[in-house]
file work_36.cif (mmCIF, C-alpha atoms)
data_final
#
loop_
_atom_site.label_atom_id
_atom_site.label_comp_id
_atom_site.auth_asym_id
_atom_site.auth_seq_id
_atom_site.Cartn_x
_atom_site.Cartn_y
_atom_site.Cartn_z
CA MET A 22 -6.15 29.78 -1.67
CA LYS A 23 -6.14 27.31 -4.46
CA TYR A 24 -3.33 25.09 -3.25
CA ARG A 25 -4.12 25.28 0.45
CA ASN A 26 -4.94 21.59 0.65
CA PHE A 27 -1.67 20.68 -1.06
CA ILE A 28 0.46 22.99 1.12
CA THR A 29 -1.13 21.58 4.29
CA LYS A 30 -0.39 18.05 3.19
CA VAL A 31 3.20 18.95 2.27
CA LEU A 32 3.79 20.51 5.69
CA CYS A 33 2.37 17.47 7.49
CA PHE A 34 4.44 15.19 5.30
CA LEU A 35 7.63 17.15 6.04
CA LEU A 36 6.87 17.13 9.78
CA VAL A 37 6.43 13.37 9.77
CA PHE A 38 9.58 12.93 7.74
CA ALA A 39 11.51 15.24 10.08
CA ALA A 40 10.45 13.10 13.02
CA PHE A 41 12.30 10.16 11.52
CA VAL A 42 15.68 11.86 11.96
CA PRO A 43 15.75 11.99 15.79
CA TYR A 44 14.16 8.55 15.89
CA GLN A 45 16.93 7.03 13.75
CA ALA A 46 19.60 8.75 15.88
CA LYS A 47 18.06 7.34 19.06
CA ALA A 48 17.66 3.89 17.57
CA ALA A 49 21.27 3.93 16.35
CA ARG A 50 22.47 4.85 19.86
CA LYS A 51 20.38 2.06 21.33
CA ALA A 52 21.79 -0.42 18.79
CA GLU A 53 25.32 0.71 19.70
CA GLU A 54 24.67 0.23 23.42
CA GLU A 55 23.20 -3.18 22.78
CA ALA A 56 26.27 -4.16 20.75
CA GLU A 57 28.54 -2.99 23.58
CA ASN A 58 26.53 -4.99 26.10
CA ALA A 59 26.62 -8.03 23.89
CA ALA A 60 30.42 -7.72 23.63
CA LYS A 61 30.75 -7.50 27.42
CA ILE A 62 28.49 -10.48 27.88
CA ALA A 63 30.55 -12.45 25.37
CA GLU A 64 33.70 -11.54 27.30
CA VAL A 65 32.28 -12.69 30.62
CA GLU A 66 30.93 -15.87 29.09
CA ALA A 67 34.36 -16.65 27.59
CA ALA A 68 35.98 -16.14 31.00
CA ASN A 69 33.36 -18.42 32.58
CA ARG A 70 34.08 -21.10 30.02
CA GLU A 71 37.80 -20.87 30.82
CA VAL A 72 37.20 -21.25 34.56
CA ARG A 73 34.88 -24.19 34.04
CA LYS A 74 37.44 -25.85 31.82
CA GLN A 75 40.14 -25.46 34.46
CA MET A 76 37.84 -26.86 37.15
CA ALA A 77 37.09 -29.90 35.03
CA GLU A 78 40.77 -30.48 34.42
CA ALA A 79 41.49 -30.25 38.15
CA GLU A 80 38.83 -32.86 38.90
CA ASN A 81 40.33 -35.31 36.45
CA ALA A 82 43.71 -34.66 37.96
CA SER A 83 45.12 -37.35 40.15
CA PRO A 84 44.35 -37.22 43.87
CA TYR A 85 47.94 -38.27 44.55
CA THR A 86 51.06 -36.24 44.95
CA ASP A 87 54.17 -37.56 43.29
CA GLY A 88 56.60 -39.36 45.56
CA VAL A 89 57.32 -42.64 47.33
CA TYR A 90 55.14 -43.70 50.23
CA GLU A 91 55.17 -46.52 52.74
CA GLY A 92 52.16 -48.27 54.01
CA THR A 93 51.78 -50.98 56.64
CA ALA A 94 48.83 -53.18 57.57
CA GLU A 95 48.12 -56.43 59.41
CA GLY A 96 48.48 -59.50 57.22
CA PHE A 97 48.15 -63.13 58.10
CA GLY A 98 51.11 -63.66 60.37
CA GLY A 99 52.31 -60.14 60.99
CA PRO A 100 52.48 -56.68 59.51
CA VAL A 101 52.82 -56.24 55.73
CA SER A 102 54.79 -53.22 54.43
CA VAL A 103 54.66 -51.90 50.92
CA GLU A 104 56.26 -49.02 49.10
CA VAL A 105 54.12 -47.20 46.57
CA THR A 106 55.64 -44.88 43.94
CA ILE A 107 53.51 -42.10 42.50
CA ASP A 108 54.85 -40.48 39.35
CA GLY A 109 52.91 -38.04 37.24
CA GLY A 110 49.90 -38.58 39.45
CA ASP A 111 49.79 -42.29 38.61
CA ILE A 112 50.76 -45.30 40.71
CA THR A 113 53.82 -46.56 38.87
CA GLU A 114 55.23 -49.10 41.28
CA ILE A 115 54.18 -51.13 44.31
CA ARG A 116 57.05 -52.90 46.10
CA LEU A 117 56.82 -55.35 48.93
CA LEU A 118 59.05 -54.21 51.80
CA ASP A 119 58.30 -56.56 54.61
CA VAL A 120 56.16 -59.58 54.19
CA SER A 121 57.95 -61.85 56.67
CA GLY A 122 54.78 -62.88 58.34
CA GLU A 123 53.31 -64.35 55.16
CA ASP A 124 53.85 -67.78 53.73
CA PRO A 125 55.55 -67.80 50.31
CA ALA A 126 52.83 -69.95 48.87
CA TYR A 127 50.28 -67.29 49.69
CA LEU A 128 52.55 -64.51 48.60
CA MET A 129 52.81 -66.10 45.19
CA GLN A 130 49.04 -66.07 45.00
CA VAL A 131 48.64 -62.44 45.92
CA GLU A 132 51.38 -61.12 43.69
CA SER A 133 48.83 -60.79 40.93
CA LEU A 134 47.08 -58.26 43.11
CA LEU A 135 50.01 -55.91 42.70
CA ASP A 136 49.56 -55.92 38.93
CA GLN A 137 45.84 -55.50 39.27
CA MET A 138 46.28 -52.52 41.53
CA LEU A 139 48.65 -50.96 39.05
CA GLN A 140 46.21 -51.60 36.25
CA THR A 141 43.16 -50.22 38.03
CA GLN A 142 45.28 -47.50 39.59
CA GLY A 143 43.60 -48.14 42.95
CA VAL A 144 42.75 -50.68 45.60
CA ASP A 145 39.39 -51.78 44.32
CA VAL A 146 40.51 -55.35 43.76
CA ASP A 147 39.06 -58.65 44.98
CA THR A 148 40.87 -60.74 47.55
CA ILE A 149 42.28 -64.05 46.33
CA SER A 150 40.15 -66.90 47.66
CA GLY A 151 42.07 -68.98 50.09
CA ALA A 152 44.49 -66.12 50.79
CA THR A 153 42.13 -63.68 52.25
CA PHE A 154 44.28 -62.38 55.09
CA THR A 155 47.36 -61.91 52.98
CA SER A 156 45.31 -60.24 50.27
CA LYS A 157 43.73 -57.92 52.79
CA GLY A 158 47.07 -57.17 54.40
CA LEU A 159 48.50 -56.18 51.04
CA ILE A 160 45.46 -54.17 49.99
CA HIS A 161 45.27 -52.32 53.29
CA ALA A 162 48.99 -51.57 53.24
CA VAL A 163 48.71 -50.04 49.77
CA THR A 164 45.64 -48.14 50.91
CA GLU A 165 47.62 -46.67 53.79
CA ALA A 166 50.43 -45.62 51.46
CA LEU A 167 47.95 -44.04 49.08
CA ARG A 168 46.33 -42.20 51.97
CA LYS A 169 49.66 -40.60 52.64
CA ALA A 170 49.98 -39.76 48.96
CA ARG A 171 46.69 -37.91 48.81
CA ARG A 172 46.84 -34.15 48.41
CA MET B 22 -30.27 20.52 -58.63
CA VAL B 23 -26.75 19.20 -58.77
CA GLN B 24 -26.50 15.43 -58.88
CA GLN B 25 -24.44 14.33 -55.94
CA ASN B 26 -22.31 11.38 -56.98
CA GLU B 27 -20.26 11.15 -53.83
CA GLN B 28 -21.92 10.03 -50.71
CA VAL B 29 -22.04 12.85 -48.26
CA LYS B 30 -21.04 11.45 -44.96
CA LYS B 31 -23.16 12.57 -42.08
CA PRO B 32 -20.91 14.21 -39.52
CA VAL B 33 -20.66 12.05 -36.41
CA PRO B 34 -22.11 13.98 -33.45
CA ALA B 35 -19.64 14.90 -30.74
CA SER B 36 -21.65 12.92 -28.21
CA VAL B 37 -21.27 9.73 -30.23
CA LYS B 38 -17.57 10.37 -30.70
CA ARG B 39 -17.26 10.87 -26.98
CA LYS B 40 -19.21 7.67 -26.22
CA THR B 41 -16.93 5.68 -28.49
CA ALA B 42 -13.86 7.29 -26.99
CA ASN B 43 -15.11 6.53 -23.49
CA ARG B 44 -15.82 2.94 -24.36
CA ASN B 45 -12.32 2.59 -25.74
CA LYS B 46 -10.86 4.19 -22.64
CA ALA B 47 -12.87 1.84 -20.45
CA LEU B 48 -11.64 -1.14 -22.45
CA MET B 49 -8.07 0.09 -22.18
CA ARG B 50 -8.42 0.55 -18.43
CA ALA B 51 -9.86 -2.94 -18.09
CA ALA B 52 -7.05 -4.37 -20.22
CA LEU B 53 -4.42 -2.63 -18.08
CA GLN B 54 -6.11 -3.88 -14.92
CA VAL B 55 -5.98 -7.42 -16.29
CA LEU B 56 -2.31 -6.96 -17.24
CA PHE B 57 -1.33 -5.80 -13.76
CA PHE B 58 -3.53 -8.44 -12.14
CA VAL B 59 -1.66 -11.16 -13.98
CA THR B 60 1.84 -9.72 -13.57
CA MET B 61 1.74 -7.96 -10.19
CA PRO B 62 -1.20 -9.16 -8.10
CA GLY B 63 0.73 -8.75 -4.86
CA ALA B 64 1.77 -5.14 -5.34
CA PHE B 65 -0.71 -3.68 -2.87
CA VAL B 66 0.19 -6.21 -0.17
CA ALA B 67 3.91 -5.49 -0.65
CA GLY B 68 3.26 -1.75 -0.38
CA PHE B 69 1.31 -2.15 2.81
CA ASN B 70 3.99 -4.47 4.21
CA GLY B 71 6.30 -1.47 3.89
CA ILE B 72 4.06 0.53 6.20
CA LYS B 73 3.84 -2.37 8.64
CA TYR B 74 7.63 -2.80 8.55
CA ILE B 75 8.21 0.82 9.51
CA PHE B 76 5.87 0.69 12.47
CA ARG B 77 6.96 -2.74 13.62
CA THR B 78 10.56 -1.53 13.65
CA MET B 79 9.69 1.69 15.44
CA GLY B 80 7.73 -0.34 17.95
CA THR B 81 10.91 -2.13 18.97
CA GLY B 82 13.03 1.01 18.78
CA SER B 83 15.33 -0.58 16.21
CA VAL B 84 17.15 1.18 13.41
CA LEU B 85 15.08 1.62 10.24
CA GLU B 86 16.66 0.05 7.21
CA ILE B 87 15.74 0.54 3.56
CA ASN B 88 14.85 -3.09 2.94
CA SER B 89 12.78 -4.37 0.02
CA PHE B 90 9.44 -3.60 1.72
CA ALA B 91 10.49 -0.07 2.55
CA MET B 92 11.64 0.33 -1.05
CA VAL B 93 8.24 -0.75 -2.36
CA LEU B 94 6.53 1.78 -0.11
CA ILE B 95 8.90 4.54 -1.20
CA GLY B 96 8.43 3.52 -4.84
CA LEU B 97 4.63 3.45 -4.66
CA GLY B 98 4.53 6.62 -2.59
CA GLY B 99 6.87 8.45 -4.92
CA PHE B 100 4.91 7.31 -7.96
CA THR B 101 1.70 8.51 -6.34
CA LEU B 102 3.19 11.92 -5.52
CA LEU B 103 4.04 12.35 -9.19
CA PHE B 104 1.08 10.74 -10.90
CA GLY B 105 -1.74 10.69 -8.36
CA ARG B 106 -3.50 7.49 -7.30
CA PHE B 107 -3.03 5.88 -10.71
CA PHE B 108 -2.00 2.78 -8.75
CA CYS B 109 -5.47 2.58 -7.25
CA GLY B 110 -7.27 3.26 -10.50
CA TYR B 111 -5.31 1.00 -12.84
CA VAL B 112 -2.84 -1.29 -11.06
CA CYS B 113 -4.19 -2.51 -7.76
CA SER B 114 -5.62 -6.01 -8.13
CA PHE B 115 -7.99 -5.56 -5.25
CA GLY B 116 -9.38 -2.39 -6.82
CA ALA B 117 -9.72 -4.24 -10.10
CA LEU B 118 -11.62 -6.97 -8.28
CA GLY B 119 -13.96 -4.33 -6.90
CA ASP B 120 -14.54 -2.89 -10.36
CA LEU B 121 -15.22 -6.35 -11.75
CA VAL B 122 -17.67 -7.31 -9.02
CA TYR B 123 -19.55 -4.01 -9.28
CA TRP B 124 -19.73 -4.29 -13.06
CA LEU B 125 -21.03 -7.87 -12.91
CA SER B 126 -23.52 -6.82 -10.25
CA GLY B 127 -24.69 -4.02 -12.55
CA LEU B 128 -25.07 -6.41 -15.47
CA PHE B 129 -27.08 -8.76 -13.28
CA GLN B 130 -29.29 -5.97 -11.96
CA LYS B 131 -29.98 -4.57 -15.41
CA LYS B 132 -30.39 -7.76 -17.39
CA VAL B 133 -31.93 -10.12 -14.86
CA LEU B 134 -33.60 -7.85 -12.33
CA LYS B 135 -34.49 -5.35 -15.07
CA LYS B 136 -33.49 -2.42 -12.91
CA ARG B 137 -32.98 0.89 -14.67
CA LYS B 138 -30.23 2.14 -12.41
CA GLN B 139 -27.70 0.05 -10.55
CA PHE B 140 -28.03 0.05 -6.77
CA SER B 141 -25.49 2.01 -4.80
CA LEU B 142 -25.29 3.50 -1.34
CA PRO B 143 -26.73 7.00 -0.81
CA LYS B 144 -24.22 9.65 -1.84
CA GLN B 145 -24.51 11.57 1.44
CA ALA B 146 -23.21 8.52 3.31
CA LEU B 147 -20.02 8.34 1.28
CA PRO B 148 -17.91 11.12 2.86
CA VAL B 149 -18.60 9.67 6.33
CA LEU B 150 -17.92 6.06 5.34
CA GLN B 151 -14.76 7.12 3.55
CA LYS B 152 -13.26 8.16 6.88
CA LEU B 153 -13.44 4.56 8.16
CA LYS B 154 -10.33 3.54 6.24
CA TYR B 155 -8.27 6.00 8.29
CA LEU B 156 -9.50 4.26 11.43
CA ASN B 157 -8.54 0.91 9.89
CA LEU B 158 -5.07 2.23 9.03
CA ALA B 159 -4.62 3.69 12.54
CA PHE B 160 -5.73 0.43 14.16
CA ILE B 161 -3.38 -1.73 12.11
CA VAL B 162 -0.49 0.71 12.59
CA LEU B 163 -0.95 0.77 16.37
CA MET B 164 -1.23 -3.00 16.60
CA THR B 165 1.90 -3.36 14.50
CA ALA B 166 3.87 -0.87 16.58
CA ALA B 167 2.78 -2.66 19.74
CA GLY B 168 4.00 -5.94 18.27
CA ARG B 169 0.54 -7.46 18.54
CA MET B 170 0.05 -8.45 14.90
CA GLU B 171 0.07 -12.15 15.79
CA SER B 172 -3.31 -11.79 17.47
CA LEU B 173 -4.70 -10.66 14.12
CA HIS B 174 -3.41 -13.70 12.28
CA GLY B 175 -5.89 -15.11 9.81
CA THR B 176 -8.14 -12.05 9.80
CA SER B 177 -6.81 -10.23 6.76
CA PRO B 178 -8.96 -10.61 3.63
CA TRP B 179 -5.89 -9.56 1.65
CA ASP B 180 -3.97 -12.62 2.84
CA VAL B 181 -6.88 -14.81 1.68
CA PHE B 182 -7.05 -12.99 -1.65
CA SER B 183 -3.27 -13.41 -2.06
CA ARG B 184 -3.62 -17.18 -1.61
CA PHE B 185 -6.14 -17.24 -4.42
CA THR B 186 -3.95 -15.22 -6.75
CA ALA B 187 -1.19 -17.75 -6.05
CA LEU B 188 -3.72 -20.37 -7.22
CA LYS B 189 -3.89 -21.96 -3.79
CA LEU B 190 -6.63 -22.40 -1.23
CA PRO B 191 -6.31 -20.66 2.14
CA THR B 192 -5.85 -22.87 5.20
CA ALA B 193 -8.42 -23.28 7.95
CA ASP B 194 -6.80 -20.73 10.26
CA TYR B 195 -7.79 -18.06 7.76
CA LEU B 196 -11.51 -18.52 8.34
CA PRO B 197 -12.04 -14.98 9.76
CA GLY B 198 -10.27 -13.59 6.71
CA ILE B 199 -12.41 -15.67 4.38
CA ILE B 200 -15.59 -14.39 6.01
CA CYS B 201 -14.20 -10.84 5.78
CA LEU B 202 -13.49 -11.30 2.10
CA ILE B 203 -17.00 -12.63 1.43
CA LEU B 204 -18.53 -9.64 3.21
CA ILE B 205 -16.27 -7.33 1.21
CA LEU B 206 -17.35 -9.00 -2.04
CA ILE B 207 -20.97 -8.39 -1.09
CA GLY B 208 -20.07 -4.77 -0.38
CA MET B 209 -18.32 -4.53 -3.74
CA ALA B 210 -21.57 -5.63 -5.40
CA VAL B 211 -23.59 -2.80 -3.87
CA GLN B 212 -21.12 0.08 -4.07
CA SER B 213 -18.43 0.91 -6.57
CA ARG B 214 -14.91 0.64 -5.09
CA PHE B 215 -16.46 -0.41 -1.75
CA PHE B 216 -13.20 -1.59 -0.22
CA CYS B 217 -11.09 1.20 -1.69
CA GLN B 218 -13.32 3.94 -0.35
CA PHE B 219 -14.20 2.59 3.08
CA LEU B 220 -11.59 0.09 4.20
CA CYS B 221 -8.29 0.19 2.32
CA PRO B 222 -5.46 1.16 4.67
CA LEU B 223 -3.03 1.64 1.77
CA GLY B 224 -5.56 3.90 0.08
CA ALA B 225 -5.79 5.88 3.30
CA PHE B 226 -2.03 6.34 3.18
CA PHE B 227 -2.15 7.48 -0.47
CA ALA B 228 -5.03 9.83 0.26
CA VAL B 229 -2.99 11.85 2.75
CA LEU B 230 0.08 12.11 0.55
CA PRO B 231 0.71 15.58 -0.91
CA ILE B 232 0.05 14.59 -4.51
CA LEU B 233 1.46 17.25 -6.83
CA PRO B 234 -1.32 19.50 -8.16
CA PHE B 235 0.26 18.92 -11.54
CA ALA B 236 -0.98 15.32 -11.37
CA MET B 237 -4.51 16.00 -10.23
CA LEU B 238 -7.58 16.68 -12.32
CA HIS B 239 -8.55 20.28 -12.80
CA ARG B 240 -11.94 21.51 -13.87
CA ASP B 241 -12.55 24.54 -15.99
CA ALA B 242 -15.66 25.39 -14.00
CA PRO B 243 -16.79 28.61 -15.78
CA ASN B 244 -17.02 26.59 -18.99
CA CYS B 245 -19.46 24.04 -17.60
CA LEU B 246 -22.99 23.54 -18.90
CA LYS B 247 -25.57 24.72 -16.46
CA GLY B 248 -27.18 21.86 -14.56
CA CYS B 249 -24.83 19.23 -15.96
CA SER B 250 -23.54 16.70 -13.37
CA ALA B 251 -22.12 14.16 -15.76
CA CYS B 252 -18.72 14.06 -14.04
CA LYS B 253 -20.17 13.79 -10.55
CA ASN B 254 -22.56 11.02 -11.59
CA THR B 255 -19.89 8.92 -13.18
CA CYS B 256 -17.26 9.22 -10.43
CA PRO B 257 -16.81 5.80 -8.76
CA VAL B 258 -15.68 7.30 -5.47
CA GLY B 259 -18.45 9.87 -5.16
CA LEU B 260 -16.38 13.03 -5.44
CA LYS B 261 -18.34 16.26 -5.36
CA LEU B 262 -16.54 17.35 -8.46
CA GLU B 263 -18.27 20.69 -8.77
CA THR B 264 -16.49 21.83 -5.64
CA ASP B 265 -12.93 20.90 -4.73
CA GLY B 266 -13.16 17.21 -5.60
CA PHE B 267 -9.78 17.15 -7.27
CA ARG B 268 -7.79 18.30 -4.33
CA ASN B 269 -9.47 15.50 -2.47
CA GLY B 270 -7.20 12.53 -1.83
CA GLU B 271 -10.08 10.15 -2.63
CA CYS B 272 -9.59 10.55 -6.39
CA ILE B 273 -8.26 7.29 -7.83
CA SER B 274 -7.27 8.86 -11.16
CA CYS B 275 -9.49 6.58 -13.23
CA GLY B 276 -10.25 9.42 -15.65
CA LYS B 277 -13.94 8.57 -16.13
CA CYS B 278 -15.00 12.13 -15.33
CA ALA B 279 -12.67 13.58 -17.96
CA GLY B 280 -14.06 11.12 -20.47
CA VAL B 281 -17.69 11.92 -19.88
CA CYS B 282 -17.48 15.71 -19.77
CA PRO B 283 -19.29 17.19 -22.81
CA LYS B 284 -17.14 20.28 -22.77
CA ASN B 285 -13.77 18.57 -22.14
CA ASN B 286 -13.45 20.70 -19.04
CA LEU B 287 -11.57 18.13 -17.00
CA GLN B 288 -7.87 17.75 -17.57
CA TYR B 289 -4.72 16.61 -15.85
CA PRO B 290 -2.24 19.46 -16.29
CA ALA B 291 0.38 16.76 -16.80
CA ALA B 292 -1.64 15.27 -19.66
CA THR B 293 -1.28 18.43 -21.71
CA LEU B 294 2.33 17.41 -22.23
CA PHE B 295 1.07 14.39 -24.12
CA LYS B 296 -0.99 14.27 -27.28
CA ASN B 297 -4.10 12.97 -25.57
CA ASP B 298 -5.03 11.47 -22.26
CA ILE B 299 -4.88 7.91 -23.60
CA ILE B 300 -1.16 8.41 -24.22
CA TYR B 301 -0.85 9.82 -20.70
CA VAL B 302 -2.49 6.68 -19.30
CA LEU B 303 -0.21 4.40 -21.29
CA PHE B 304 2.80 6.44 -20.21
CA ARG B 305 1.94 6.08 -16.53
CA ALA B 306 1.23 2.38 -16.99
CA ALA B 307 4.63 1.89 -18.63
CA VAL B 308 6.41 3.82 -15.88
CA PHE B 309 4.67 1.81 -13.19
CA PHE B 310 5.37 -1.46 -14.95
CA GLY B 311 9.08 -0.65 -15.05
CA LEU B 312 8.98 0.47 -11.43
CA GLY B 313 7.16 -2.69 -10.39
CA VAL B 314 9.67 -4.95 -12.10
CA TRP B 315 12.55 -3.04 -10.52
CA LEU B 316 10.97 -3.28 -7.06
CA GLY B 317 10.54 -7.02 -7.45
CA LEU B 318 6.75 -7.00 -7.60
CA CYS B 319 6.42 -8.83 -10.90
CA ARG B 320 6.07 -12.57 -10.54
CA PHE B 321 7.65 -13.25 -13.92
CA PHE B 322 10.94 -11.34 -13.78
#
call {"tool": "encode", "arguments": {"input": "work_36.cif", "output": "structure tokens"}}
result
Amino acid sequence: MKYRNFITKVLCFLLVFAAFVPYQAKAARKAEEEAENAAKIAEVEAANREVRKQMAEAENASPYTDGVYEGTAEGFGGPVSVEVTIDGGDITEIRLLDVSGEDPAYLMQVESLLDQMLQTQGVDVDTISGATFTSKGLIHAVTEALRKARR
Amino acid sequence: MVQQNEQVKKPVPASVKRKTANRNKALMRAALQVLFFVTMPGAFVAGFNGIKYIFRTMGTGSVLEINSFAMVLIGLGGFTLLFGRFFCGYVCSFGALGDLVYWLSGLFQKKVLKKRKQFSLPKQALPVLQKLKYLNLAFIVLMTAAGRMESLHGTSPWDVFSRFTALKLPTADYLPGIICLILILIGMAVQSRFFCQFLCPLGAFFAVLPILPFAMLHRDAPNCLKGCSACKNTCPVGLKLETDGFRNGECISCGKCAGVCPKNNLQYPAATLFKNDIIYVLFRAAVFFGLGVWLGLCRFF
């Protein structure tokens, strides 16, 4: 027939076109699933971020529990006692309780250590030359108190 | 004897009229090809990008969207359904390049080599060679769907040609494409519409479209002169016009056959709506120009 070639081409064309419909449906479903997955992944990642944030905050948190703690250590002429106050996780006060074994002259020298320890919020301070034993007594006493204060 | 004062004009023979008309039509076609070359040289690449987009998307199983490339493909395809492969015959810059190269080659052969007839490949070879473009289309489509187009980077002669139409030189990574283009140019010099017939993947797509019979050339066969093969001899894509050449997707709607027929036996049914086929050509050119601008193919607006 005269238009056989045309009719054949039209039929093929329509078949090809018809095949696009199920393809689009399938692709749309796949896109939907991928969007759902992406949403779930985003949720999990947000939760992970939250946990990591909390962990970081905990690390920065002070190792000390609030309260007042006593510490004693051997000084020059006897035991040295100190009282350390922890407030808000920080060392807020260091008080000398019993320093009877130490000479006042040396005590005056090592008093600056108390301020230093408050400033550095720890015991990483150098001993005062010439007053090594008193310095060490004080430092070790504070260390003992802080050991008690640790969580 | 009556003294004739007025000059009696010799009637112009139909054959001369036809030759003049054909020359005018050829000039008009060349002018339109130049117009589209200057305004829309990238139209064929954009159209083929639409095909590649569809298969690349289907290769990843993603949703198909009507983006600008898909629109160009739909536009070109729709235009071809209504008007036949007018795009190939009048608009496509690569086809125009093929016409130009073949014409220059003919000039050279006739004037310099003094050949009587321009060289072209044997006609029996054409139907076989014309099938190659379907293989080319299938290959590119499969590679695109498999997401392997990157391995073909630099091989496309169209990419190289596009660089030239943008008045730029291609970069060194396009060497395979440059060699391809040179080989194609040689082919264009020995066979009319060499690329279009044997290699063009977009042409392969157009050739399988169900072009409306309304838009295809029809021949009033009983009216033909016995032994005349004027249409067949002039057809640039080697259609066996005395059989079913018009229902063949190879026809690029250039209209040369209609122009050369001594009995005016070849017509587009659509053209009968217009005064003559020149108007029909201009009409289609105007429609495509508007379509091209709307699709964003024109580099000026």
call {"tool": "residues_around", "arguments": {"input": "work_36.cif", "residues": "Phe57 in chain B", "least_positions_apart": "4", "cutoff": "12 Å", "atoms": "all atoms listed in the file", "output": "number ranges by chain"}}
result
B: 50-53, 61-65, 108-118, 306-307, 309-311, 313-314, 318-321
call {"tool": "interface_residues", "arguments": {"input": "work_36.cif", "of": "chain B", "to": "chain A", "cutoff": "12 Å", "atoms": "all atoms listed in the file", "output": "ChimeraX atom specification"}}
result
/B:75-76,78-86,98,102,226-237,239,264-270
call {"tool": "atom_distance", "arguments": {"input": "work_36.cif", "atom1": "CA of Ile72 in chain B", "atom2": "CA of Phe90 in chain B"}}
result
8.1 Å
call {"tool": "atom_distance", "arguments": {"input": "work_36.cif", "atom1": "CA of Asn43 in chain B", "atom2": "CA of Lys277 in chain B"}}
result
7.7 Å
call {"tool": "resolve_selection", "arguments": {"input": "work_36.cif", "expression": "the PyMOL selection byres ((chain A and resi 116) around 9)", "output": "PyMOL selection string"}}
result
chain A and resi 102-106+114-115+117-118+135
call {"tool": "residues_around", "arguments": {"input": "work_36.cif", "residues": "Phe97 in chain A", "least_positions_apart": "2", "cutoff": "6 Å", "atoms": "all atoms listed in the file", "output": "PyMOL selection string"}}
result
chain A and resi 99+154-155
call {"tool": "resolve_selection", "arguments": {"input": "work_36.cif", "expression": "the PyMOL selection byres ((chain B and resi 89) around 10)", "output": "list in words"}}
result
Ala67, Gly68, Asn70, Gly71, Glu86, Ile87, Asn88, Phe90, Ala91, Met92, Val93, Leu94, Ile95, Leu316 and Gly317 of chain B
call {"tool": "closest_residue", "arguments": {"input": "work_36.cif", "among": "B:Lys136, B:Arg44, B:Lys154, B:Arg77", "to": "Leu223 in chain B", "atoms": "all atoms listed in the file"}}
result
B:Lys154
call {"tool": "atom_distance", "arguments": {"input": "work_36.cif", "atom1": "CA of Lys261 in chain B", "atom2": "CA of Thr293 in chain B"}}
result
23.7 Å
call {"tool": "resolve_selection", "arguments": {"input": "work_36.cif", "expression": "the PyMOL selection byres ((chain B and resi 36) around 12)", "output": "short mmCIF file (atom, residue, chain, number, x, y, z; two decimals) with C-alpha atoms, keeping the file's coordinate frame"}}
result
data_model
loop_
_atom_site.label_atom_id
_atom_site.label_comp_id
_atom_site.auth_asym_id
_atom_site.auth_seq_id
_atom_site.Cartn_x
_atom_site.Cartn_y
_atom_site.Cartn_z
CA PRO B 32 -20.91 14.21 -39.52
CA VAL B 33 -20.66 12.05 -36.41
CA PRO B 34 -22.11 13.98 -33.45
CA ALA B 35 -19.64 14.90 -30.74
CA VAL B 37 -21.27 9.73 -30.23
CA LYS B 38 -17.57 10.37 -30.70
CA ARG B 39 -17.26 10.87 -26.98
CA LYS B 40 -19.21 7.67 -26.22
CA THR B 41 -16.93 5.68 -28.49
CA ALA B 42 -13.86 7.29 -26.99
CA ASN B 43 -15.11 6.53 -23.49
CA GLY B 280 -14.06 11.12 -20.47
CA VAL B 281 -17.69 11.92 -19.88
CA CYS B 282 -17.48 15.71 -19.77
CA PRO B 283 -19.29 17.19 -22.81
CA LYS B 284 -17.14 20.28 -22.77
CA ASN B 285 -13.77 18.57 -22.14
#
call {"tool": "closest_residue", "arguments": {"input": "work_36.cif", "among": "B:Pro197, B:Lys131, B:Cys272, B:Arg240", "to": "Pro290 in chain B", "atoms": "all atoms listed in the file"}}
result
B:Arg240
call {"tool": "residues_around", "arguments": {"input": "work_36.cif", "residues": "range 142-149 of chain A", "least_positions_apart": "2", "cutoff": "8 Å", "atoms": "all atoms listed in the file", "output": "ChimeraX atom specification"}}
result
/A:111-112,130-131,134,137-140,151-153,156-157,160,163-164
call {"tool": "write_last_selection", "arguments": {"input": "work_36.cif", "atoms": "C-alpha atoms", "output": "mmCIF file, keeping the file's coordinate frame"}}
result
data_model
loop_
_atom_site.group_PDB
_atom_site.id
_atom_site.type_symbol
_atom_site.label_atom_id
_atom_site.label_comp_id
_atom_site.auth_asym_id
_atom_site.auth_seq_id
_atom_site.Cartn_x
_atom_site.Cartn_y
_atom_site.Cartn_z
ATOM 1 C CA ASP A 111 49.790 -42.290 38.610
ATOM 2 C CA ILE A 112 50.760 -45.300 40.710
ATOM 3 C CA GLN A 130 49.040 -66.070 45.000
ATOM 4 C CA VAL A 131 48.640 -62.440 45.920
ATOM 5 C CA LEU A 134 47.080 -58.260 43.110
ATOM 6 C CA GLN A 137 45.840 -55.500 39.270
ATOM 7 C CA MET A 138 46.280 -52.520 41.530
ATOM 8 C CA LEU A 139 48.650 -50.960 39.050
ATOM 9 C CA GLN A 140 46.210 -51.600 36.250
ATOM 10 C CA GLY A 151 42.070 -68.980 50.090
ATOM 11 C CA ALA A 152 44.490 -66.120 50.790
ATOM 12 C CA THR A 153 42.130 -63.680 52.250
ATOM 13 C CA SER A 156 45.310 -60.240 50.270
ATOM 14 C CA LYS A 157 43.730 -57.920 52.790
ATOM 15 C CA ILE A 160 45.460 -54.170 49.990
ATOM 16 C CA VAL A 163 48.710 -50.040 49.770
ATOM 17 C CA THR A 164 45.640 -48.140 50.910
#
call {"tool": "closest_residue", "arguments": {"input": "work_36.cif", "among": "B:Val211, B:Leu150, B:Ile299, B:Cys256", "to": "Val122 in chain B", "atoms": "all atoms listed in the file"}}
result
B:Val211
